[in-house]
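Participant: Got coords29.pdb for you, PDB, C-alpha atoms:
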```pdb
MODEL        1
ATOM      1  CA  MET O   1     153.549 134.845 110.806  1.00  0.00           C
ATOM      2  CA  ARG O   2     150.751 136.754 109.133  1.00  0.00           C
ATOM      3  CA  PHE O   3     150.239 133.951 106.636  1.00  0.00           C
ATOM      4  CA  MET O   4     149.851 131.423 109.474  1.00  0.00           C
ATOM      5  CA  GLY O   5     147.246 133.608 111.211  1.00  0.00           C
ATOM      6  CA  PHE O   6     145.317 133.977 107.959  1.00  0.00           C
ATOM      7  CA  ARG O   7     145.295 130.197 107.420  1.00  0.00           C
ATOM      8  CA  LEU O   8     144.149 129.630 111.019  1.00  0.00           C
ATOM      9  CA  GLY O   9     141.354 132.169 110.511  1.00  0.00           C
ATOM     10  CA  ILE O  10     140.083 130.278 107.445  1.00  0.00           C
ATOM     11  CA  ILE O  11     140.102 126.993 109.341  1.00  0.00           C
ATOM     12  CA  VAL O  12     138.189 128.503 112.283  1.00  0.00           C
ATOM     13  CA  ALA O  13     135.617 130.052 109.927  1.00  0.00           C
ATOM     14  CA  ALA O  14     135.114 126.713 108.174  1.00  0.00           C
ATOM     15  CA  LEU O  15     134.628 124.933 111.500  1.00  0.00           C
ATOM     16  CA  LEU O  16     132.118 127.536 112.677  1.00  0.00           C
ATOM     17  CA  SER O  17     130.085 127.286 109.467  1.00  0.00           C
ATOM     18  CA  ALA O  18     130.096 123.455 109.719  1.00  0.00           C
ATOM     19  CA  ALA O  19     128.882 123.683 113.319  1.00  0.00           C
ATOM     20  CA  ALA O  20     126.096 126.065 112.294  1.00  0.00           C
ATOM     21  CA  ALA O  21     125.002 123.717 109.518  1.00  0.00           C
ATOM     22  CA  ALA O  22     124.994 120.787 111.940  1.00  0.00           C
ATOM     23  CA  GLN O  23     122.575 122.618 114.255  1.00  0.00           C
ATOM     24  CA  GLU O  24     119.676 122.511 111.798  1.00  0.00           C
ATOM     25  CA  PRO O  25     116.382 121.555 113.411  1.00  0.00           C
ATOM     26  CA  GLU O  26     115.822 117.834 113.662  1.00  0.00           C
ATOM     27  CA  PRO O  27     112.741 116.341 112.066  1.00  0.00           C
ATOM     28  CA  PRO O  28     110.062 115.378 114.582  1.00  0.00           C
ATOM     29  CA  SER O  29     110.584 111.910 115.975  1.00  0.00           C
ATOM     30  CA  ARG O  30     108.026 109.319 114.949  1.00  0.00           C
ATOM     31  CA  ASN O  31     106.559 106.698 117.144  1.00  0.00           C
ATOM     32  CA  LEU O  32     106.951 103.269 115.553  1.00  0.00           C
ATOM     33  CA  ASP O  33     103.580 102.187 116.934  1.00  0.00           C
ATOM     34  CA  GLU O  34     101.623 104.872 115.085  1.00  0.00           C
ATOM     35  CA  GLY O  35     101.974 103.187 111.686  1.00  0.00           C
ATOM     36  CA  ARG O  36      99.450 100.723 110.306  1.00  0.00           C
ATOM     37  CA  ILE O  37     100.308  97.046 110.400  1.00  0.00           C
ATOM     38  CA  ASN O  38      99.691  96.754 106.648  1.00  0.00           C
ATOM     39  CA  SER O  39     101.874  99.704 105.653  1.00  0.00           C
ATOM     40  CA  ASP O  40     104.722  98.537 103.436  1.00  0.00           C
ATOM     41  CA  PRO O  41     107.487 100.987 102.525  1.00  0.00           C
ATOM     42  CA  LEU O  42     108.644  98.790  99.635  1.00  0.00           C
ATOM     43  CA  LYS O  43     105.460  98.605  97.599  1.00  0.00           C
ATOM     44  CA  GLY O  44     105.469  97.924  93.900  1.00  0.00           C
ATOM     45  CA  LEU O  45     108.433  95.560  93.740  1.00  0.00           C
ATOM     46  CA  VAL O  46     108.729  92.562  91.458  1.00  0.00           C
ATOM     47  CA  ILE O  47     111.104  90.204  93.258  1.00  0.00           C
ATOM     48  CA  ASN O  48     113.253  87.909  91.141  1.00  0.00           C
ATOM     49  CA  ARG O  49     113.727  84.345  92.394  1.00  0.00           C
ATOM     50  CA  THR O  50     114.678  82.817  89.069  1.00  0.00           C
ATOM     51  CA  VAL O  51     117.788  80.664  88.704  1.00  0.00           C
ATOM     52  CA  THR O  52     118.365  80.117  84.980  1.00  0.00           C
ATOM     53  CA  VAL O  53     119.011  82.358  82.005  1.00  0.00           C
ATOM     54  CA  MET O  54     115.581  81.435  80.639  1.00  0.00           C
ATOM     55  CA  GLY O  55     113.975  82.455  83.943  1.00  0.00           C
ATOM     56  CA  TRP O  56     115.899  85.727  83.930  1.00  0.00           C
ATOM     57  CA  ASP O  57     114.690  86.428  80.390  1.00  0.00           C
ATOM     58  CA  PHE O  58     111.103  85.817  81.489  1.00  0.00           C
ATOM     59  CA  TYR O  59     111.533  88.029  84.575  1.00  0.00           C
ATOM     60  CA  SER O  60     113.130  90.924  82.705  1.00  0.00           C
ATOM     61  CA  ASN O  61     110.567  90.817  79.886  1.00  0.00           C
ATOM     62  CA  PHE O  62     107.673  90.540  82.363  1.00  0.00           C
ATOM     63  CA  THR O  63     108.867  93.509  84.431  1.00  0.00           C
ATOM     64  CA  GLN O  64     109.438  95.661  81.326  1.00  0.00           C
ATOM     65  CA  VAL O  65     105.888  95.049  80.107  1.00  0.00           C
ATOM     66  CA  TRP O  66     104.437  95.382  83.638  1.00  0.00           C
ATOM     67  CA  GLN O  67     106.143  98.728  84.243  1.00  0.00           C
ATOM     68  CA  ALA O  68     105.135 100.015  80.814  1.00  0.00           C
ATOM     69  CA  LEU O  69     101.450  99.139  81.331  1.00  0.00           C
ATOM     70  CA  TYR O  70     101.194  99.829  85.083  1.00  0.00           C
ATOM     71  CA  PRO O  71     103.859 102.385  86.054  1.00  0.00           C
ATOM     72  CA  ASP O  72     102.069 103.410  89.279  1.00  0.00           C
ATOM     73  CA  SER O  73     101.405  99.870  90.495  1.00  0.00           C
ATOM     74  CA  GLN O  74     101.810  99.344  94.240  1.00  0.00           C
ATOM     75  CA  ASP O  75     101.546  95.547  93.983  1.00  0.00           C
ATOM     76  CA  THR O  76     104.534  93.550  95.215  1.00  0.00           C
ATOM     77  CA  MET O  77     105.001  90.227  93.430  1.00  0.00           C
ATOM     78  CA  THR O  78     107.540  87.429  93.427  1.00  0.00           C
ATOM     79  CA  ILE O  79     108.526  85.450  90.344  1.00  0.00           C
ATOM     80  CA  ILE O  80     109.766  81.999  91.361  1.00  0.00           C
ATOM     81  CA  GLU O  81     111.397  79.489  89.042  1.00  0.00           C
ATOM     82  CA  ARG O  82     112.093  75.781  89.419  1.00  0.00           C
ATOM     83  CA  PRO O  83     114.051  74.298  86.517  1.00  0.00           C
ATOM     84  CA  THR O  84     113.077  70.785  85.438  1.00  0.00           C
ATOM     85  CA  ALA O  85     114.917  68.507  83.051  1.00  0.00           C
ATOM     86  CA  GLN O  86     111.787  67.215  81.367  1.00  0.00           C
ATOM     87  CA  PHE O  87     109.550  70.274  81.020  1.00  0.00           C
ATOM     88  CA  GLY O  88     111.881  73.277  80.910  1.00  0.00           C
ATOM     89  CA  SER O  89     111.280  75.711  83.792  1.00  0.00           C
ATOM     90  CA  GLU O  90     108.292  75.927  86.068  1.00  0.00           C
ATOM     91  CA  ILE O  91     107.324  79.516  86.894  1.00  0.00           C
ATOM     92  CA  TRP O  92     105.071  80.848  89.659  1.00  0.00           C
ATOM     93  CA  ILE O  93     104.060  84.434  90.241  1.00  0.00           C
ATOM     94  CA  THR O  94     102.841  85.079  93.784  1.00  0.00           C
ATOM     95  CA  TYR O  95     101.057  88.057  95.293  1.00  0.00           C
ATOM     96  CA  LEU O  96     100.265  88.247  99.026  1.00  0.00           C
ATOM     97  CA  ASN O  97     101.356  84.625  99.456  1.00  0.00           C
ATOM     98  CA  GLN O  98      98.887  83.483  96.805  1.00  0.00           C
ATOM     99  CA  THR O  99      99.797  82.089  93.414  1.00  0.00           C
ATOM    100  CA  VAL O 100      98.354  84.351  90.727  1.00  0.00           C
ATOM    101  CA  PHE O 101      99.977  82.564  87.807  1.00  0.00           C
ATOM    102  CA  HIS O 102     101.668  79.213  87.204  1.00  0.00           C
ATOM    103  CA  THR O 103     103.153  77.900  83.961  1.00  0.00           C
ATOM    104  CA  PHE O 104     105.959  75.926  82.371  1.00  0.00           C
ATOM    105  CA  LEU O 105     108.407  77.734  80.096  1.00  0.00           C
ATOM    106  CA  SER O 106     109.501  75.806  77.054  1.00  0.00           C
ATOM    107  CA  PRO O 107     113.262  75.312  76.680  1.00  0.00           C
ATOM    108  CA  ALA O 108     113.274  77.664  73.661  1.00  0.00           C
ATOM    109  CA  ARG O 109     114.493  81.008  75.060  1.00  0.00           C
ATOM    110  CA  SER O 110     112.892  82.958  72.235  1.00  0.00           C
ATOM    111  CA  ARG O 111     109.433  81.951  73.498  1.00  0.00           C
ATOM    112  CA  ALA O 112     110.012  83.516  76.958  1.00  0.00           C
ATOM    113  CA  LYS O 113     109.467  87.034  75.617  1.00  0.00           C
ATOM    114  CA  ASP O 114     106.102  86.203  74.068  1.00  0.00           C
ATOM    115  CA  GLN O 115     104.968  84.249  77.121  1.00  0.00           C
ATOM    116  CA  SER O 116     105.861  87.072  79.518  1.00  0.00           C
ATOM    117  CA  ARG O 117     103.724  89.517  77.548  1.00  0.00           C
ATOM    118  CA  GLU O 118     100.741  87.180  77.667  1.00  0.00           C
ATOM    119  CA  VAL O 119     101.168  86.638  81.399  1.00  0.00           C
ATOM    120  CA  VAL O 120     100.959  90.329  82.385  1.00  0.00           C
ATOM    121  CA  GLN O 121      97.240  90.633  81.647  1.00  0.00           C
ATOM    122  CA  ALA O 122      96.380  87.400  83.466  1.00  0.00           C
ATOM    123  CA  VAL O 123      98.391  88.473  86.522  1.00  0.00           C
ATOM    124  CA  ARG O 124      96.717  91.898  86.589  1.00  0.00           C
ATOM    125  CA  GLU O 125      93.248  90.313  86.498  1.00  0.00           C
ATOM    126  CA  ASN O 126      94.095  87.852  89.286  1.00  0.00           C
ATOM    127  CA  ILE O 127      95.557  90.613  91.476  1.00  0.00           C
ATOM    128  CA  ASP O 128      92.401  92.682  90.978  1.00  0.00           C
ATOM    129  CA  ILE O 129      90.278  89.694  92.043  1.00  0.00           C
ATOM    130  CA  ILE O 130      92.373  89.162  95.182  1.00  0.00           C
ATOM    131  CA  ASN O 131      92.171  92.855  96.104  1.00  0.00           C
ATOM    132  CA  ALA O 132      88.387  92.888  95.587  1.00  0.00           C
ATOM    133  CA  GLN O 133      87.981  89.829  97.799  1.00  0.00           C
ATOM    134  CA  ARG O 134      90.089  91.428 100.514  1.00  0.00           C
ATOM    135  CA  GLN O 135      87.882  94.546 100.473  1.00  0.00           C
ATOM    136  CA  PHE O 136      84.543  92.804 100.649  1.00  0.00           C
ATOM    137  CA  ILE O 137      85.275  89.839 102.908  1.00  0.00           C
ATOM    138  CA  GLN O 138      85.656  90.817 106.548  1.00  0.00           C
ATOM    139  CA  ASP O 139      86.328  88.161 109.160  1.00  0.00           C
ATOM    140  CA  ALA O 140      87.254  88.970 112.748  1.00  0.00           C
ATOM    141  CA  ASP O 141      89.215  85.723 113.068  1.00  0.00           C
ATOM    142  CA  LEU O 142      91.439  86.212 110.020  1.00  0.00           C
ATOM    143  CA  GLY O 143      93.890  88.966 109.167  1.00  0.00           C
ATOM    144  CA  PRO O 144      93.898  90.558 105.679  1.00  0.00           C
ATOM    145  CA  GLU O 145      96.884  88.487 104.561  1.00  0.00           C
ATOM    146  CA  GLU O 146      95.088  85.267 105.512  1.00  0.00           C
ATOM    147  CA  MET O 147      92.046  85.792 103.280  1.00  0.00           C
TER     148      MET O 147
ENDMDL
END
```
Please express the file's structure as structure tokens.
Facilitator:
Amino acid sequence: MRFMGFRLGIIVAALLSAAAAAQEPEPPSRNLDEGRINSDPLKGLVINRTVTVMGWDFYSNFTQVWQALYPDSQDTMTIIERPTAQFGSEIWITYLNQTVFHTFLSPARSRAKDQSREVVQAVRENIDIINAQRQFIQDADLGPEEM
């Protein structure tokens, strides 16, 4: 009988401590309308829309070089691939719905690594140009993503 009462006491103590932990103060609620329209919680992503092994090689090599050179980048890009029988794969890199780089990858997979390294600098320069244009061109009729 004593053993049963001891076990019941432990269970009650555990429940009371769990209830006390659950009563921690809640964080202040946020109004969804107080955020800016341009705020993006997923900044700095490089989205992969490649479909072949060669495209994947290009994407993985590009992102490795990009993250090594620009680890604090907040620029979200998409790498898009369209395989073609005649020319290898066609690759686009887009930023804010604008194409910042376009090329054809040769069918030789070994060349994808070298090409991805060359592309990083060109993409960075084009993104900087787009960001500068967005800062200096103000038009009441167009939103920032439409510039």
Participant: Restricting the calculation to all atoms listed in the file: of O:Ile93, O:Val120, O:Asn131, O:Val51, which residue gets closest to Met77 in chain O?
Facilitator: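 Checking each candidate against Met77 in chain O, we get O:Ile93 as the closest.
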Participant: Hey, what comes out of the PyMOL selection byres ((chain O and resi 97) around 10) on this file? Could you write it as a list in words?
Facilitator: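 Selection result, ordered by chain and number: Met77, Thr78, Ile93, Thr94, Tyr95, Leu96, Gln98, Thr99, Val100, Glu145 and Glu146 of chain O.
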Participant: Given the selection you just returned, output its residues as a file containing C-alpha atoms, formatted as a PDB file, keeping the file's coordinate frame.
Facilitator:
```
ATOM      1  CA  MET O  77     105.001  90.227  93.430  1.00  0.00           C
ATOM      2  CA  THR O  78     107.540  87.429  93.427  1.00  0.00           C
ATOM      3  CA  ILE O  93     104.060  84.434  90.241  1.00  0.00           C
ATOM      4  CA  THR O  94     102.841  85.079  93.784  1.00  0.00           C
ATOM      5  CA  TYR O  95     101.057  88.057  95.293  1.00  0.00           C
ATOM      6  CA  LEU O  96     100.265  88.247  99.026  1.00  0.00           C
ATOM      7  CA  GLN O  98      98.887  83.483  96.805  1.00  0.00           C
ATOM      8  CA  THR O  99      99.797  82.089  93.414  1.00  0.00           C
ATOM      9  CA  VAL O 100      98.354  84.351  90.727  1.00  0.00           C
ATOM     10  CA  GLU O 145      96.884  88.487 104.561  1.00  0.00           C
ATOM     11  CA  GLU O 146      95.088  85.267 105.512  1.00  0.00           C
TER      12      GLU O 146
END
```
Participant: Take the PyMOL selection byres ((chain O and resi 64-72) around 9), run it mentally on this structure, and tell me the resulting residues as a PyMOL selection string.
Facilitator: chain O and resi 44+59-63+73-74+116-117+120-121+124
Participant: Report, in Å to a single decimal, how far apart CA of His102 in chain O and CA of Ile80 in chain O are.
Facilitator: 9.5 Å
Participant: Any idea what's packed within 12 Å of Ser110 in chain O, counting all atoms listed in the file, ignoring anything in its chain fewer than 3 positions away? Could you give it as a list in words?
Facilitator: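 My reading of the contact set: Val53, Met54, Gly55, Asp57, Phe58, Asn61, Leu105, Ser106, Pro107, Lys113, Asp114, Gln115 and Ser116 of chain O.
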Participant: Run the PyMOL selection byres ((chain O and resi 85) around 12) against the file shown and list the residues it catches, as a PyMOL selection string.
Facilitator: chain O and resi 82-84+86-90+104-107
Participant: Please measure the separation of CA of Ile47 in chain O and CA of Phe101 in chain O, giving the value in Å to one decimal.
Facilitator: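 Distance between the two atoms: 14.6 Å.
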Participant: How many Å lie between CA of Ile79 in chain O and CA of Leu42 in chain O, rounded to one decimal?
Facilitator: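 Interatomic distance, CA of Ile79 in chain O to CA of Leu42 in chain O: 16.3 Å.
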Participant: Kindly compute an axis-aligned box around the listed atoms of range 106-114 of chain O, allowing 6 Å on each side, and express its centre and edge lengths in Å to one decimal as lines of an AutoDock Vina configuration file.
Facilitator:
```
center_x = 110.3
center_y = 81.2
center_z = 74.6
size_x = 20.4
size_y = 23.7
size_z = 16.8
```
Participant: Out of O:Gln138, O:Ala108, O:Asp75, O:Glu81, which residue has the shortest atom-to-atom distance to Asn126 in chain O when counting all atoms listed in the file?
Facilitator: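 Once distances to Asn126 in chain O are computed over all atoms listed in the file, the minimum belongs to O:Asp75.
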Participant: Can you patch up range 81-96 of chain O, filling it in to N, CA and C atoms, and show the result as an mmCIF file, in the frame of the given file?
Facilitator:
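File selection_13.cif, as written:
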```cif
data_model
loop_
_atom_site.group_PDB
_atom_site.id
_atom_site.type_symbol
_atom_site.label_atom_id
_atom_site.label_comp_id
_atom_site.auth_asym_id
_atom_site.auth_seq_id
_atom_site.Cartn_x
_atom_site.Cartn_y
_atom_site.Cartn_z
ATOM 1 N N GLU O 81 111.129 80.461 90.098
ATOM 2 C CA GLU O 81 111.397 79.489 89.042
ATOM 3 C C GLU O 81 111.950 78.208 89.647
ATOM 4 N N ARG O 82 111.503 77.086 89.093
ATOM 5 C CA ARG O 82 112.093 75.781 89.419
ATOM 6 C C ARG O 82 112.414 75.088 88.103
ATOM 7 N N PRO O 83 113.691 74.964 87.773
ATOM 8 C CA PRO O 83 114.051 74.298 86.517
ATOM 9 C C PRO O 83 113.790 72.790 86.613
ATOM 10 N N THR O 84 113.284 72.233 85.524
ATOM 11 C CA THR O 84 113.077 70.785 85.438
ATOM 12 C C THR O 84 113.731 70.284 84.162
ATOM 13 N N ALA O 85 114.235 69.065 84.217
ATOM 14 C CA ALA O 85 114.917 68.507 83.051
ATOM 15 C C ALA O 85 113.929 68.123 81.960
ATOM 16 N N GLN O 86 112.736 67.728 82.343
ATOM 17 C CA GLN O 86 111.787 67.215 81.367
ATOM 18 C C GLN O 86 110.931 68.303 80.727
ATOM 19 N N PHE O 87 110.527 69.305 81.502
ATOM 20 C CA PHE O 87 109.550 70.274 81.020
ATOM 21 C C PHE O 87 110.093 71.679 80.797
ATOM 22 N N GLY O 88 111.356 71.919 80.997
ATOM 23 C CA GLY O 88 111.881 73.277 80.910
ATOM 24 C C GLY O 88 111.894 73.884 82.300
ATOM 25 N N SER O 89 111.332 75.057 82.487
ATOM 26 C CA SER O 89 111.280 75.711 83.792
ATOM 27 C C SER O 89 109.838 75.921 84.209
ATOM 28 N N GLU O 90 109.608 75.675 85.484
ATOM 29 C CA GLU O 90 108.292 75.927 86.068
ATOM 30 C C GLU O 90 108.343 77.302 86.718
ATOM 31 N N ILE O 91 107.353 78.132 86.420
ATOM 32 C CA ILE O 91 107.324 79.516 86.894
ATOM 33 C C ILE O 91 106.041 79.750 87.695
ATOM 34 N N TRP O 92 106.204 80.373 88.864
ATOM 35 C CA TRP O 92 105.071 80.848 89.659
ATOM 36 C C TRP O 92 105.211 82.338 89.836
ATOM 37 N N ILE O 93 104.084 83.023 89.853
ATOM 38 C CA ILE O 93 104.060 84.434 90.241
ATOM 39 C C ILE O 93 103.125 84.512 91.433
ATOM 40 N N THR O 94 103.639 85.007 92.563
ATOM 41 C CA THR O 94 102.841 85.079 93.784
ATOM 42 C C THR O 94 102.601 86.531 94.171
ATOM 43 N N TYR O 95 101.452 86.745 94.792
ATOM 44 C CA TYR O 95 101.057 88.057 95.293
ATOM 45 C C TYR O 95 100.350 87.820 96.619
ATOM 46 N N LEU O 96 100.821 88.434 97.683
ATOM 47 C CA LEU O 96 100.265 88.247 99.026
ATOM 48 C C LEU O 96 100.178 86.767 99.398
#
```
